[in-house]
There are 2 protein chains.
Amino acid sequence: MKFIRVDLTHQTVTHDAVPAAYAGLGGRGLTAEIINAEVPPQCDPLGPDNKLAIAPGLLSGTTLVNTSRISIGAKSPLTGTIKESNSGGKIAACLGKLGVTAIVVEGQAPKGSLYVMSVDVNGNAKLHDAAQYKGMRTYDLCAKLLADFGPKNTIMCIGPAGEYQLGSASIQTTDVDDRPCRAAGRGGLGAVMGAKGLKAVVVSTEGKNPDALADPEAFKEAAKIFAQELRNNPFTAKVLPKYGTASTLDAVNALGAFPSYNATKGTFDGASKINGAALVKTIESRGGKVQHMGCAQCIVQCSNEYVDPQGKYVTSSLEYETIWSMGGMLGIDDLDTIARLDYLCDDIGLDTINTGVAMAVAMDAGYKSFGDCLAAIDMVEAIAQGTEMGRLIGSGPDAVGKHFNHHRVPTVKGQSIAAYDPRGMQGNGVTYATSPMGADHTAGNMLGHYMARALDPLSPDGQVDGSRQVQIGMAAMDCVGMCILAGMGMTTKEARNAMFQMIGAKLGTPVDSKGYAAMGMRTLKVEREFNQKAGFTAKDDRLPRFFYEEPLPPHNKVFLVKDEDLDKVHNF
Amino acid sequence: MKFIRVDLTHQTVTHDAVPAAYAGLGGRGLTAEIINAEVPPQCDPLGPDNKLAIAPGLLSGTTLVNTSRISIGAKSPLTGTIKESNSGGKIAACLGKLGVTAIVVEGQAPKGSLYVMSVDVNGNAKLHDAAQYKGMRTYDLCAKLLADFGPKNTIMCIGPAGEYQLGSASIQTTDVDDRPCRAAGRGGLGAVMGAKGLKAVVVSTEGKNPDALADPEAFKEAAKIFAQELRNNPFTAKVLPKYGTASTLDAVNALGAFPSYNATKGTFDGASKINGAALVKTIESRGGKVQHMGCAQCIVQCSNEYVDPQGKYVTSSLEYETIWSMGGMLGIDDLDTIARLDYLCDDIGLDTINTGVAMAVAMDAGYKSFGDCLAAIDMVEAIAQGTEMGRLIGSGPDAVGKHFNHHRVPTVKGQSIAAYDPRGMQGNGVTYATSPMGADHTAGNMLGHYMARALDPLSPDGQVDGSRQVQIGMAAMDCVGMCILAGMGMTTKEARNAMFQMIGAKLGTPVDSKGYAAMGMRTLKVEREFNQKAGFTAKDDRLPRFFYEEPLPPHNKVFLVKDEDLDKVHNF
């Protein structure tokens with residue numbers, strides 16, 4: 001139950017008990033409360049008044065599988081809204097095992113200075129001068145930090161993009177192999193960390209003091225059932241371990257909702273060269289790993305290790321969203337180029353989605369040609385170099401669109417959509433428009449509904465109710481600290497009941513499906529409240545015009561959900 | 001008739017009349033005499049006793065077309081032999097118009113210091129501190145030098161590879177568009193320039209004092225005929241302007257002599273993706289230039305401007321040897337990658353042939369895989385970064401073979417062969433083995449004989465006589481300062497007689513075919529003399545073992561010319 005505050009302005013650290021107002025919260029639910037309560041809604045996201053709230057999930061640090069998600073919250077410099085972005089790796093589990101409920105990073109270090117924060121095996125935090133780490137890319141940085149602080153640590157950090165305070169800057173976390181290939185990518189939270197003057201947080205992996213559970217026996221029983229359910233589920237037990245999230249590509253492309261060439265087409269000619277089967281074939285033929293454990297306590301292992309033709313490590317984990325943003329969206333059908341771009345984004349500390357889409361807009365505007373692999377690599381490298389064009393690309397799609405006076409910019413509240421076109425998957429459009437965090441597929445992905453044929457993806461009917469339902473479910477899962485991919489295995493009554501039982505056993509209060517949903521709804525309401533105070537209104541909950549005006553081949557549909565229906569999403 | 005000596009040890013410059021011993025010489029003939037007379041044959045090529053002799057051709061600076069070849073001579077750090085390497089651009093013509101016969105660079109600047117030499121409109125040379133240009137790549141360097149010294153200058157310079165004194169370091173010269181894309185690539189002469197502490201030579205383009213001609217009228221008449229002959233010749237008038245030297249690819253591939261995958265195959269599967277037709281199609285469809293004037297007074301225009309899919313400049317001029325060394329030799333069939341590698345080599349100051357072959361050996365040894373475009377780009381970038389692997393690759397194929405303990409290293413005297421396999425074109429093997437300058441296709445390419453069906457390329461018969469003949473012819477042409485591609489148009493009696501008449505009109509002595517050949521023979525003899533004093537014997541005039549042992553598909557021949565026959569090449 002440790003609550004750590006670190007003040008970069010004065011370089012002080014305090015360790016307190018968790019404030020009563022934040023009791024019983026975790027993950028996104030907790031970061032949302034902290035930001036809403038403590039950050040002036042109209043403040044400059046890159047100024048001293050913003051805060052960076054870092055919170056493991058409610059169940060992180062327990063024995064439950066797949067709960068090592070770290071939630072990071074702040075007012076986003078990209079969207080201007082409240083934002084939570086979560087990442088895997090080991091840090092959430094490690095903080096949980098240290099009994100740390102949250103770290104709140106406040107203030108702003110004097111201009112030019114830079115700090116690293118450590119949390120030792122006793123949960124004690126400390127600031128260290130980080131001048132020697134200035135400008136470092138994340139792979140070298142993490143290797144050096146582990147050499148300097150010792151190997152029994154795990155890291156969250158920023159790269160050059162975060163130091164430049166760019167809108168697409170991510171916060172990277174190290175995976176089980178100590179590689180900074182896991183990202184809290186969205187919302188430009190790396191820029192907030194950079195603005196505070198915090199280069200990295202180094203956390204001991206040796207903690208053995210997790211918060212006590214109210215009912216350890218009930219928890220243990222339910223955790224066992226939950227894990228068994230994941231092992232029984234064909235998607236989490238068979239598809240994800242082999243094909244990873246890339247398994248999604250064929251499905252979305254078949255729906256005609258795979259936004260290609262900056263969302264001018266809904267299918268990609270080169271799909272078969274970059275889909276799950278191609279990825280598996282490439283990795284297997286080179287001796288890489290199609291199944292790989294990326295995060296602590298993971299039994300799904302959707303991660304992979306992409307290797308070059310020589311069998312040498314390129315990146316981990318190459319995921320669907322990146323294969324889209326760096327592949328189809330750019331007209332690139334070469335997995336080696338996509339893997340390189342993924343690596344560069346991790347190394348420079350960049351959201352692969354926002355960065356790929358920024359390049360797609362630049363290509364669409366005529367700056368470079370679709371399919372130009374070398375140009376794409378150059379553009380990402382330019383971000384690290386800090387050139388004028390690099391800073392523009394790193395600032396995200398809106399900045400690029402403005403620079404080139406180009407209208408086809410697939411963002412909501414400044415943040416790019418993900419690999420599901422709102423014209424081919426109307427419900428995802430509802431989520432993009434109405435999520436309190438800008439366009440974000442993790443806020444409520446409707447793909448499951450369409451694959452189960454529960455809804456017609458091309459019709460506006462039922463999309464608002466569907467999006468509301470998944471937005472609430474995702475928010476709840478982000479509170480728990482459960483990986484949403486493992487969460488996809490939570491399809492049976494047994495699995496769901498086990499989840500409720502574990503939350504109840506943690507908190508000491510019975511929890512049912514309503515209580516679980518309430519956790520998600522409370523989070524969404526708090527986030528909406530912050531945004532309203534920051535000046536956002538219903539008019540901001542819209543897609544960019546071209547989604548309403550330009551039909552997407554092959555179905556040639558536009559986005560059809562009416563504004564007044566969008567405004568009903570948050571009626572709960 | 002100015003003869004400039006620049007002493008880097010004492011930073012002094014002297015301007016003298018041409019010494020009597022060097023009178024009437026130009027180009028390679030002159031650099032050979034200077035190096036043989038003045039450089040201790042056993043000296044360290046990178047020490048103060050070596051010299052760098054820079055001499056425009058005998059006819060450079062006259063009105064004759066295609067004579068802007070600058071010969072650069074030294075004891076080579078790559079081969080240990082005497083070496084001449086020549087480059088195009090404008091500098092030879094400009095030095096000729098300044099009346100400068102040669103520049104001899106001597107001594108060695110104090111460790112850590114670096115100089116630029118300028119030659120002004122009056123032919124006066126001067127040294128300038130070059131600390132501000134240290135480490136610069138050639139494109140940026142030349143832009144800055146032209147800003148600092150004024151636009152009416154042309155440049156020869158080294159990049160980072162030359163400063164690192166690597167065996168594959170080139171000396172780059174600026175073309176008519178002021179781009180440092182012309183190279184004296186072979187023999188590592190950039191390393192000699194780097195060892196001397198000379199970053200660049202900046203030469204005025206405004207000279208109007210060429211040496212007087214003994215018979216201006218006779219010269220003018222013959223120069224006119226010569227130019228007309230080039231315009232009448234289908235190869236120099238039609239093929240080269242459109243397809244450039246890339247036109248050669250199909251011919252050599254059809255002969256089964258296109259060394260692919262580090263010379264393990266004589267044909268390349270991806271040939272049609274990188275041949276002249278593919279190059280033309282790519283450049284034309286993107287709005288680049290398939291015909292481009294690269295060198296002063298050039299009427300052939302075999303150069304091109306390769307552009308990216310966006311139509312933006314990538315490199316000039318993309319030539320056959322580079323398409324081979326960075327393409328077929330590496331198993332790479334992507335022109336964009338090849339063009340990028342060509343640009344990088346120019347920018348870093350590297351011989352594309354030696355660098356490509358060094359990478360081919362590394363790939364063959366298992367360090368990287370054939371066809372890995374990104375790995376190839378990384379390896380060349382690593383040279384600029386000065387990493388351990390970069391320095392190894394930049395040191396050339398022998399160093400790479402030694403490092404990986406790999407035997408298939410296609411070099412003679414440490415210098416890589418070019419795009420003609422000695423097993424499929426036996427005469428080129430004779431040239432590689434016996435040229436005084438290590439394996440070098442420009443020392444005597446037999447392709448013309450095979451295309452004219454004057455010789456069977458797979459038989460050892462006649463190859464020694466053929467190679468002797470072309471080695472003498474090439475040496476003569478290198479004395480004149482005539483571009484060897486323009487020289488390919490010298491197929492008629494009229495053209496040859498015009499050439500003889502011009503040399504005679506320049507020197508004031510009648511010259512016939514025998515006198516012309518004597519010029520070539522004298523050069524070769526001088527070069528051989530130096531090598532013998534340096535310790536080279538007949539045993540060094542051999543190909544590496546694998547050319548004698550490993551048959552080359554598709555003809556499955558080995559190199560068949562006997563040692564005792566090789567030893568007869570220089571019997572003249």
# chains A, B, ... in the order shown; residues from 1 in each chain; ligands from 1
$ closest_atom_pairs --of "chain B" --to "chain A" --cutoff "10 Å" --atoms "only C-alpha atoms" --output "JSON lines"
{"residue": "B:Asp308", "atom": "CA", "partner": "A:Asp372", "partner_atom": "CA", "distance": 8.1}
{"residue": "B:Pro309", "atom": "CA", "partner": "A:Ser369", "partner_atom": "CA", "distance": 5.8}
{"residue": "B:Gln310", "atom": "CA", "partner": "A:Ser369", "partner_atom": "CA", "distance": 5.5}
{"residue": "B:Gly311", "atom": "CA", "partner": "A:Lys368", "partner_atom": "CA", "distance": 9.0}
{"residue": "B:Lys312", "atom": "CA", "partner": "A:Lys368", "partner_atom": "CA", "distance": 9.1}
{"residue": "B:Asp336", "atom": "CA", "partner": "A:Leu374", "partner_atom": "CA", "distance": 8.0}
{"residue": "B:Thr337", "atom": "CA", "partner": "A:Leu374", "partner_atom": "CA", "distance": 7.8}
{"residue": "B:Arg340", "atom": "CA", "partner": "A:Leu374", "partner_atom": "CA", "distance": 8.5}
{"residue": "B:Met363", "atom": "CA", "partner": "A:Gln310", "partner_atom": "CA", "distance": 9.2}
{"residue": "B:Gly366", "atom": "CA", "partner": "A:Gln310", "partner_atom": "CA", "distance": 7.6}
{"residue": "B:Tyr367", "atom": "CA", "partner": "A:Gln310", "partner_atom": "CA", "distance": 7.3}
{"residue": "B:Lys368", "atom": "CA", "partner": "A:Gln310", "partner_atom": "CA", "distance": 5.4}
{"residue": "B:Ser369", "atom": "CA", "partner": "A:Gln310", "partner_atom": "CA", "distance": 5.4}
{"residue": "B:Phe370", "atom": "CA", "partner": "A:Pro309", "partner_atom": "CA", "distance": 8.4}
{"residue": "B:Gly371", "atom": "CA", "partner": "A:Pro309", "partner_atom": "CA", "distance": 8.6}
{"residue": "B:Asp372", "atom": "CA", "partner": "A:Pro309", "partner_atom": "CA", "distance": 6.8}
{"residue": "B:Cys373", "atom": "CA", "partner": "A:Asp336", "partner_atom": "CA", "distance": 9.1}
{"residue": "B:Leu374", "atom": "CA", "partner": "A:Thr337", "partner_atom": "CA", "distance": 7.7}
{"residue": "B:Ala375", "atom": "CA", "partner": "A:Asp308", "partner_atom": "CA", "distance": 8.5}
{"residue": "B:Ile377", "atom": "CA", "partner": "A:Leu374", "partner_atom": "CA", "distance": 9.9}
$ select_by_dssp --residues "segment 64-290 of chain B" --states "alpha helix (DSSP H)" --output "VMD selection string"
chain B and resid 91 to 97 138 to 149 160 to 163 189 to 196 216 to 232 234 240 to 243 248 to 254 271 to 274 276 to 286
$ residues_around --residues "segment 185-202 of chain A" --least-positions-apart "5" --cutoff "6 Å" --atoms "only C-alpha atoms" --output "ChimeraX atom specification"
/A:46,76,78,85,108-109,114-118,154-158,162-163,165-171,351
$ residues_around --residues "Ala246 of chain A" --least-positions-apart "5" --cutoff "8 Å" --atoms "only C-alpha atoms" --output "number ranges by chain"
A: 275-276, 279, 319-320, 323
$ residues_around --residues "His407 of chain B" --least-positions-apart "5" --cutoff "10 Å" --atoms "only C-alpha atoms" --output "VMD selection string"
chain B and resid 361 364 to 365 398 401 to 402 544 to 546
$ residues_around --residues "Ala212 of chain A" --least-positions-apart "6" --cutoff "10 Å" --atoms "only C-alpha atoms" --output "ChimeraX atom specification"
/A:1,62,99,506-507
$ closest_residue --among "B:Ala125, B:Val119, B:Cys298, B:Leu30" --to "Gly89 of chain B" --atoms "only C-alpha atoms"
B:Cys298
$ residues_around --residues "Ser416 of chain A" --least-positions-apart "3" --cutoff "9 Å" --atoms "only C-alpha atoms" --output "VMD selection string"
chain A and resid 353 to 355 357 to 358 396 to 398 409 to 413 432 438 to 440
$ select_by_dssp --residues "segment 373-433 of chain B" --states "strand (DSSP E)" --output "short mmCIF file (atom, residue, chain, number, x, y, z; two decimals) with N, CA and C atoms, in the first residue's frame"
data_model
loop_
_atom_site.label_atom_id
_atom_site.label_comp_id
_atom_site.auth_asym_id
_atom_site.auth_seq_id
_atom_site.Cartn_x
_atom_site.Cartn_y
_atom_site.Cartn_z
N THR B 411 39.74 -11.68 -54.90
CA THR B 411 40.65 -10.52 -55.01
C THR B 411 41.96 -10.97 -55.65
N VAL B 412 42.68 -10.02 -56.20
CA VAL B 412 44.07 -10.23 -56.56
C VAL B 412 44.86 -9.08 -55.95
N GLN B 415 42.83 -6.62 -53.91
CA GLN B 415 41.77 -5.79 -54.51
C GLN B 415 40.76 -6.68 -55.23
N SER B 416 39.49 -6.38 -55.03
CA SER B 416 38.44 -7.23 -55.57
C SER B 416 38.40 -7.18 -57.09
#
